[in-house]
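*Asks:* One structure coming up, written as structure tokens, with questions to follow.
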Amino acid sequence: MLRTALLAAAREPRVRHLVEANPLTRSVVDRYIAGTTAQDAVRTTRALADHGLHVTLDHLGEDTTDADKAAATVAAYRTVLDSLGSAGLADRAEVSVKLSAVGQFLPGDGAKIALANAQRICEAAAAVGTTVTLDMEDHTTTDSTLDILRDLRVDFPSAGAVLQAYLRRTEQDCRDLASAGSRVRLCKGAYAEPESVAFPDKSEVDRSYVRCLKTLMNGEGYPMVATHDPRMVAIADDLAQRAGRSPESFEFQMLYGIRPAEQERLAAEGKRLRVYLAYGDEWYGYFMRRLAERPANIAFFARSLLGRG
């Protein structure tokens, strides 16, 4: 119930104003957000790379219904990609893009605008020697996102996708995408979804995650295992070994600020570990979803709102 309430609050303007207006929440936010500028993102990327980690950068923003704002998001991605190239970090970092931040929800030709904007970001990524992964949002965007991915991969075949194991459809999506050259990040899912399209119980989500992992590990693509669950990490490792995969043929992904010691431990063991690193001013929705995933932070957050943090 608490997780559902937090996810609902992620799209509630009045709660957003309360959270953003309270400077004391920043101490919690800073656990998960690298900063607000491209310079902040590149600086944190370098620090993580120095510890043997890879990075995927997310310029925060979503649900954009303003064409100028979508264009500004594209410009921000092109700036950070150019900065990564100049810093010699393109071999360690890619970017993750939410299509709703680059025009997917614009009236009329939103899907076409999002595709064109994603192509511009992919062009900038290719110019410095890295790539792009399309983030997945709530289930209403899944078909549109996968359609845009298919069009995008015509010119940028390394463009990656995210699939969410809590959706009932995802096993079939994994089968469809487990092909040579495909890059798929498998996560459990972080949006409030109806039971008609998503598994309601954690145990069902976990079983779905493992079934999807088996499909991806036995496929010809590049699985990206996004989880902080030690049991899922061990299962993924075992499935990779059974499938005869080398350490370079798949990777683990974890969020910035969550289990950093475990991230470094896995990297030290020779596994590829990529940190999902968010930055920018539009941090509210991302922050609330992270809060919903980490109940231990709720008491700290509540004290901040009450002025005692």
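Residues in the structure tokens are named by chain (A, B, ... in the order shown) and by number from 1 within that chain; ligands are numbered from 1 in the order shown.
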Stretch 128-224 of chain A: which residues are alpha helix (DSSP H) by DSSP, as a ChimeraX atom specification?
*Replies:* /A:128,142-155,170-177,202-217
*Asks:* Determine which residues of stretch 166-218 of chain A DSSP labels as strand (DSSP E) from the backbone of this structure, then write them out as a list in words.
*Replies:*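 Here is the list: Arg183, Val184, Arg185, Leu186 and Cys187 of chain A.
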*Asks:* Could you dump the residues just selected with N, CA and C atoms as a PDB file, in the first residue's frame?
*Replies:*
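Wrote result.pdb, looks like this:
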ATOM      1  N   ARG A 183      20.284  -5.357 -27.543  1.00  0.00           N
ATOM      2  CA  ARG A 183      20.684  -5.087 -26.164  1.00  0.00           C
ATOM      3  C   ARG A 183      19.411  -4.865 -25.342  1.00  0.00           C
ATOM      4  N   VAL A 184      19.225  -5.685 -24.293  1.00  0.00           N
ATOM      5  CA  VAL A 184      18.000  -5.616 -23.500  1.00  0.00           C
ATOM      6  C   VAL A 184      18.339  -5.509 -22.022  1.00  0.00           C
ATOM      7  N   ARG A 185      17.881  -4.425 -21.412  1.00  0.00           N
ATOM      8  CA  ARG A 185      17.972  -4.282 -19.950  1.00  0.00           C
ATOM      9  C   ARG A 185      16.695  -4.842 -19.334  1.00  0.00           C
ATOM     10  N   LEU A 186      16.845  -5.833 -18.484  1.00  0.00           N
ATOM     11  CA  LEU A 186      15.696  -6.420 -17.801  1.00  0.00           C
ATOM     12  C   LEU A 186      15.647  -5.896 -16.375  1.00  0.00           C
ATOM     13  N   CYS A 187      14.551  -5.222 -16.046  1.00  0.00           N
ATOM     14  CA  CYS A 187      14.336  -4.759 -14.671  1.00  0.00           C
ATOM     15  C   CYS A 187      13.012  -5.319 -14.178  1.00  0.00           C
TER      16      CYS A 187
END
*Asks:* Give me the residues within 9 Å of A:Leu99 as a ChimeraX atom specification, counting only C-alpha atoms and dropping any in the same chain fewer than 2 places off.
*Replies:* /A:62-63,97,101-105,111,114-115,117-118,134-137,141,145,148
*Asks:* Which residues are near stretch 227-234 of chain A? Cut-off 10 Å, only C-alpha atoms, ignore same chain within fewer than 6 positions. Put them as a ChimeraX atom specification.
*Replies:* /A:185-188,206,209-210,213,240,252-255,258-259,262-263,266
*Asks:* Quick one: everything within 10 Å of A:Cys122, counting only C-alpha atoms, minus sequence neighbours fewer than 6 positions away in the same chain. Send it as number ranges by chain.
*Replies:* A: 77-78, 81, 95, 116, 130-133, 152-153, 155-156, 158-159
*Asks:* How about saving the chosen residues, all heavy atoms kept, as a compact mmCIF listing (two decimals), in the first residue's frame?
*Replies:*
# COMPACT_ATOMS: atom_id res chain seq x y z
N TYR A 77 21.20 16.10 -23.92
CA TYR A 77 21.86 14.82 -24.19
C TYR A 77 23.04 15.00 -25.13
O TYR A 77 24.11 14.40 -24.93
CB TYR A 77 20.87 13.82 -24.78
CG TYR A 77 20.13 13.02 -23.74
CD1 TYR A 77 18.78 13.25 -23.48
CD2 TYR A 77 20.77 12.04 -22.99
CE1 TYR A 77 18.09 12.51 -22.52
CE2 TYR A 77 20.10 11.30 -22.03
CZ TYR A 77 18.76 11.54 -21.80
OH TYR A 77 18.10 10.81 -20.85
N ARG A 78 22.88 15.79 -26.16
CA ARG A 78 23.98 16.00 -27.09
C ARG A 78 25.16 16.68 -26.40
O ARG A 78 26.32 16.38 -26.68
CB ARG A 78 23.49 16.80 -28.30
CG ARG A 78 22.54 15.97 -29.19
CD ARG A 78 21.90 16.80 -30.30
NE ARG A 78 22.89 17.24 -31.28
CZ ARG A 78 23.22 16.56 -32.36
NH1 ARG A 78 22.69 15.37 -32.61
NH2 ARG A 78 24.09 17.03 -33.22
N LEU A 81 26.90 14.05 -24.15
CA LEU A 81 27.63 13.09 -24.96
C LEU A 81 28.92 13.70 -25.50
O LEU A 81 29.98 13.06 -25.50
CB LEU A 81 26.74 12.60 -26.10
CG LEU A 81 25.69 11.57 -25.68
CD1 LEU A 81 24.59 11.46 -26.74
CD2 LEU A 81 26.33 10.21 -25.43
N VAL A 95 24.05 6.53 -22.73
CA VAL A 95 22.95 7.31 -22.17
C VAL A 95 21.66 6.52 -22.24
O VAL A 95 21.46 5.67 -23.11
CB VAL A 95 22.77 8.68 -22.86
CG1 VAL A 95 24.00 9.55 -22.66
CG2 VAL A 95 22.44 8.52 -24.33
N ALA A 116 12.45 11.06 -34.25
CA ALA A 116 13.42 12.00 -34.83
C ALA A 116 14.38 12.52 -33.75
O ALA A 116 15.59 12.64 -33.99
CB ALA A 116 12.70 13.16 -35.50
N THR A 130 29.75 5.75 -28.53
CA THR A 130 28.94 5.06 -27.53
C THR A 130 27.53 4.87 -28.07
O THR A 130 27.29 5.01 -29.28
CB THR A 130 28.95 5.80 -26.18
OG1 THR A 130 28.33 4.97 -25.19
CG2 THR A 130 28.25 7.13 -26.25
N THR A 131 26.59 4.52 -27.21
CA THR A 131 25.26 4.17 -27.69
C THR A 131 24.18 4.67 -26.75
O THR A 131 24.46 5.38 -25.78
CB THR A 131 25.15 2.65 -27.89
OG1 THR A 131 23.94 2.34 -28.56
CG2 THR A 131 25.18 1.91 -26.55
N VAL A 132 22.94 4.25 -27.04
CA VAL A 132 21.74 4.76 -26.35
C VAL A 132 20.85 3.58 -25.97
O VAL A 132 20.72 2.62 -26.74
CB VAL A 132 20.96 5.72 -27.27
CG1 VAL A 132 19.64 6.14 -26.62
CG2 VAL A 132 21.81 6.94 -27.63
N THR A 133 20.24 3.67 -24.81
CA THR A 133 19.21 2.71 -24.41
C THR A 133 17.91 3.48 -24.17
O THR A 133 17.92 4.51 -23.50
CB THR A 133 19.60 1.95 -23.13
OG1 THR A 133 20.77 1.16 -23.38
CG2 THR A 133 18.48 1.03 -22.67
N LEU A 152 14.40 2.89 -34.93
CA LEU A 152 15.70 3.47 -34.57
C LEU A 152 16.85 2.53 -34.91
O LEU A 152 17.92 2.96 -35.36
CB LEU A 152 15.69 3.77 -33.07
CG LEU A 152 16.77 4.69 -32.50
CD1 LEU A 152 16.66 6.08 -33.10
CD2 LEU A 152 16.64 4.76 -30.97
N ARG A 153 16.62 1.23 -34.74
CA ARG A 153 17.70 0.25 -34.94
C ARG A 153 18.03 0.03 -36.42
O ARG A 153 19.04 -0.61 -36.72
CB ARG A 153 17.35 -1.07 -34.27
CG ARG A 153 17.30 -0.98 -32.75
CD ARG A 153 17.23 -2.34 -32.09
NE ARG A 153 18.51 -3.01 -32.18
CZ ARG A 153 18.65 -4.31 -32.43
NH1 ARG A 153 17.58 -5.07 -32.64
NH2 ARG A 153 19.85 -4.85 -32.50
N ASP A 155 19.07 2.35 -38.41
CA ASP A 155 20.31 3.11 -38.58
C ASP A 155 21.26 2.97 -37.40
O ASP A 155 22.47 3.20 -37.54
CB ASP A 155 19.99 4.59 -38.80
CG ASP A 155 19.24 4.84 -40.10
OD1 ASP A 155 19.63 4.25 -41.13
OD2 ASP A 155 18.26 5.60 -40.09
N PHE A 156 20.71 2.62 -36.23
CA PHE A 156 21.53 2.51 -35.02
C PHE A 156 21.25 1.16 -34.35
O PHE A 156 20.52 1.07 -33.36
CB PHE A 156 21.22 3.67 -34.07
CG PHE A 156 21.39 5.03 -34.70
CD1 PHE A 156 20.30 5.73 -35.18
CD2 PHE A 156 22.66 5.59 -34.83
CE1 PHE A 156 20.46 6.97 -35.77
CE2 PHE A 156 22.83 6.82 -35.43
CZ PHE A 156 21.74 7.52 -35.91
N SER A 158 22.75 -0.76 -32.44
CA SER A 158 23.16 -1.00 -31.05
C SER A 158 22.22 -0.35 -30.04
O SER A 158 22.42 -0.50 -28.83
CB SER A 158 24.59 -0.50 -30.82
OG SER A 158 24.66 0.91 -30.96
N ALA A 159 21.20 0.36 -30.50
CA ALA A 159 20.25 0.98 -29.58
C ALA A 159 19.59 -0.10 -28.72
O ALA A 159 19.16 -1.13 -29.22
CB ALA A 159 19.19 1.77 -30.34
*Asks:* Ranking A:Ala34, A:Ala47, A:Ala243, A:Leu53 by minimum distance to A:Ala268 and counting only C-alpha atoms, which one comes first?
*Replies:*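 Looking only at the distances to A:Ala268, the closest residue turns out to be A:Leu53.
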*Asks:* Report the distance between atom CA of A:Arg168 and atom CA of A:Arg274 in Å, rounded to one decimal place.
*Replies:* 26.4 Å
*Asks:* Within 8 Å of stretch 40-44 of chain A, which residues of stretch 61-172 of chain A show up? Give each one with its shortest atom-to-atom distance in Å (one decimal) and the two atoms involved, counting only C-alpha atoms, rows by chain then rising residue number, as a Markdown table.
*Replies:*
| residue | atom | partner | partner_atom | distance |
| --- | --- | --- | --- | --- |
| A:Val80 | CA | A:Val42 | CA | 7.5 |
| A:Ser83 | CA | A:Val42 | CA | 7.1 |
| A:Leu84 | CA | A:Val42 | CA | 6.4 |
| A:Ala87 | CA | A:Val42 | CA | 7.9 |
*Asks:* Identify, on the basis of only C-alpha atoms, every residue whose closest approach to A:Lys214 does not exceed 12 Å; exclude the query and any residue fewer than 4 positions from it along the same chain; express the result as a list in words.
*Replies:*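 Final neighbour list, sorted by chain and number: Glu171, Cys174, Arg175, Ala178, Leu186, Arg207, Ser208, Tyr209, Val210, Asn218, Gly219, Glu220, Pro223, Val225, Met232, Ile235, Ala236, Asp237, Asp238, Leu239, Ala240, Gln241, Arg242 and Ala243 of chain A.
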*Asks:* Just the selected residues (N, CA, C and O atoms), exported as a JSON list (two decimals), in the first residue's frame, please.
*Replies:*
[["chain", "number", "residue", "atom", "x", "y", "z"],
["A", 171, "GLU", "N", 7.61, -11.76, -21.12],
["A", 171, "GLU", "CA", 8.28, -12.98, -21.60],
["A", 171, "GLU", "C", 8.27, -13.03, -23.12],
["A", 171, "GLU", "O", 9.29, -13.37, -23.74],
["A", 174, "CYS", "N", 10.70, -10.53, -24.51],
["A", 174, "CYS", "CA", 12.08, -11.04, -24.41],
["A", 174, "CYS", "C", 12.39, -11.99, -25.56],
["A", 174, "CYS", "O", 13.48, -11.93, -26.16],
["A", 175, "ARG", "N", 11.45, -12.87, -25.86],
["A", 175, "ARG", "CA", 11.67, -13.79, -26.99],
["A", 175, "ARG", "C", 11.83, -13.02, -28.29],
["A", 175, "ARG", "O", 12.68, -13.36, -29.13],
["A", 178, "ALA", "N", 15.46, -11.20, -28.17],
["A", 178, "ALA", "CA", 16.68, -11.95, -27.83],
["A", 178, "ALA", "C", 17.44, -12.38, -29.08],
["A", 178, "ALA", "O", 17.88, -13.52, -29.20],
["A", 186, "LEU", "N", 16.85, -5.83, -18.48],
["A", 186, "LEU", "CA", 15.70, -6.42, -17.80],
["A", 186, "LEU", "C", 15.65, -5.90, -16.37],
["A", 186, "LEU", "O", 16.58, -6.09, -15.60],
["A", 207, "ARG", "N", 9.50, -14.65, -10.23],
["A", 207, "ARG", "CA", 9.48, -15.81, -11.13],
["A", 207, "ARG", "C", 9.49, -15.37, -12.59],
["A", 207, "ARG", "O", 10.16, -15.98, -13.43],
["A", 208, "SER", "N", 8.76, -14.31, -12.88],
["A", 208, "SER", "CA", 8.78, -13.78, -14.24],
["A", 208, "SER", "C", 10.17, -13.30, -14.62],
["A", 208, "SER", "O", 10.64, -13.53, -15.75],
["A", 209, "TYR", "N", 10.84, -12.64, -13.67],
["A", 209, "TYR", "CA", 12.19, -12.12, -13.93],
["A", 209, "TYR", "C", 13.13, -13.28, -14.31],
["A", 209, "TYR", "O", 13.91, -13.17, -15.26],
["A", 210, "VAL", "N", 13.05, -14.38, -13.58],
["A", 210, "VAL", "CA", 13.93, -15.51, -13.86],
["A", 210, "VAL", "C", 13.60, -16.13, -15.22],
["A", 210, "VAL", "O", 14.50, -16.47, -16.00],
["A", 218, "ASN", "N", 19.91, -17.28, -23.00],
["A", 218, "ASN", "CA", 20.01, -18.32, -24.02],
["A", 218, "ASN", "C", 19.81, -17.77, -25.43],
["A", 218, "ASN", "O", 19.88, -18.53, -26.40],
["A", 219, "GLY", "N", 19.55, -16.47, -25.53],
["A", 219, "GLY", "CA", 19.40, -15.85, -26.84],
["A", 219, "GLY", "C", 20.74, -15.38, -27.39],
["A", 219, "GLY", "O", 21.81, -15.67, -26.84],
["A", 220, "GLU", "N", 20.69, -14.62, -28.47],
["A", 220, "GLU", "CA", 21.91, -14.17, -29.15],
["A", 220, "GLU", "C", 22.22, -12.71, -28.89],
["A", 220, "GLU", "O", 23.18, -12.17, -29.44],
["A", 223, "PRO", "N", 22.32, -9.34, -22.79],
["A", 223, "PRO", "CA", 21.46, -9.06, -21.65],
["A", 223, "PRO", "C", 22.10, -8.07, -20.68],
["A", 223, "PRO", "O", 23.30, -8.14, -20.40],
["A", 225, "VAL", "N", 21.37, -7.02, -16.89],
["A", 225, "VAL", "CA", 20.61, -7.54, -15.74],
["A", 225, "VAL", "C", 20.51, -6.44, -14.68],
["A", 225, "VAL", "O", 21.44, -6.21, -13.91],
["A", 232, "MET", "N", 18.92, -12.66, -7.31],
["A", 232, "MET", "CA", 18.82, -12.54, -8.76],
["A", 232, "MET", "C", 20.20, -12.41, -9.41],
["A", 232, "MET", "O", 20.43, -12.90, -10.52],
["A", 235, "ILE", "N", 21.46, -15.93, -9.57],
["A", 235, "ILE", "CA", 20.76, -16.69, -10.60],
["A", 235, "ILE", "C", 21.24, -16.28, -11.98],
["A", 235, "ILE", "O", 21.48, -17.13, -12.86],
["A", 236, "ALA", "N", 21.41, -14.98, -12.20],
["A", 236, "ALA", "CA", 21.89, -14.50, -13.49],
["A", 236, "ALA", "C", 23.28, -15.05, -13.79],
["A", 236, "ALA", "O", 23.57, -15.47, -14.93],
["A", 237, "ASP", "N", 24.14, -15.04, -12.78],
["A", 237, "ASP", "CA", 25.48, -15.59, -12.95],
["A", 237, "ASP", "C", 25.42, -17.05, -13.36],
["A", 237, "ASP", "O", 26.14, -17.50, -14.26],
["A", 238, "ASP", "N", 24.59, -17.82, -12.68],
["A", 238, "ASP", "CA", 24.46, -19.24, -12.97],
["A", 238, "ASP", "C", 23.91, -19.46, -14.38],
["A", 238, "ASP", "O", 24.42, -20.31, -15.13],
["A", 239, "LEU", "N", 22.89, -18.70, -14.76],
["A", 239, "LEU", "CA", 22.32, -18.85, -16.09],
["A", 239, "LEU", "C", 23.32, -18.49, -17.18],
["A", 239, "LEU", "O", 23.37, -19.13, -18.24],
["A", 240, "ALA", "N", 24.13, -17.46, -16.91],
["A", 240, "ALA", "CA", 25.15, -17.07, -17.89],
["A", 240, "ALA", "C", 26.18, -18.18, -18.07],
["A", 240, "ALA", "O", 26.59, -18.50, -19.20],
["A", 241, "GLN", "N", 26.58, -18.81, -16.97],
["A", 241, "GLN", "CA", 27.55, -19.91, -17.06],
["A", 241, "GLN", "C", 26.95, -21.09, -17.82],
["A", 241, "GLN", "O", 27.62, -21.70, -18.67],
["A", 242, "ARG", "N", 25.70, -21.42, -17.52],
["A", 242, "ARG", "CA", 25.05, -22.53, -18.20],
["A", 242, "ARG", "C", 24.91, -22.26, -19.70],
["A", 242, "ARG", "O", 24.95, -23.19, -20.52],
["A", 243, "ALA", "N", 24.73, -20.98, -20.05],
["A", 243, "ALA", "CA", 24.59, -20.62, -21.46],
["A", 243, "ALA", "C", 25.94, -20.45, -22.15],
["A", 243, "ALA", "O", 25.99, -20.17, -23.36]]
*Asks:* Using only C-alpha atoms, which protein or nucleic acid residues come within 6 Å of stretch 29-33 of chain A? Drop anything in the same chain fewer than 4 positions from it, and give the result as an NGL selection string.
*Replies:* :A and (256-257 or 278-279)
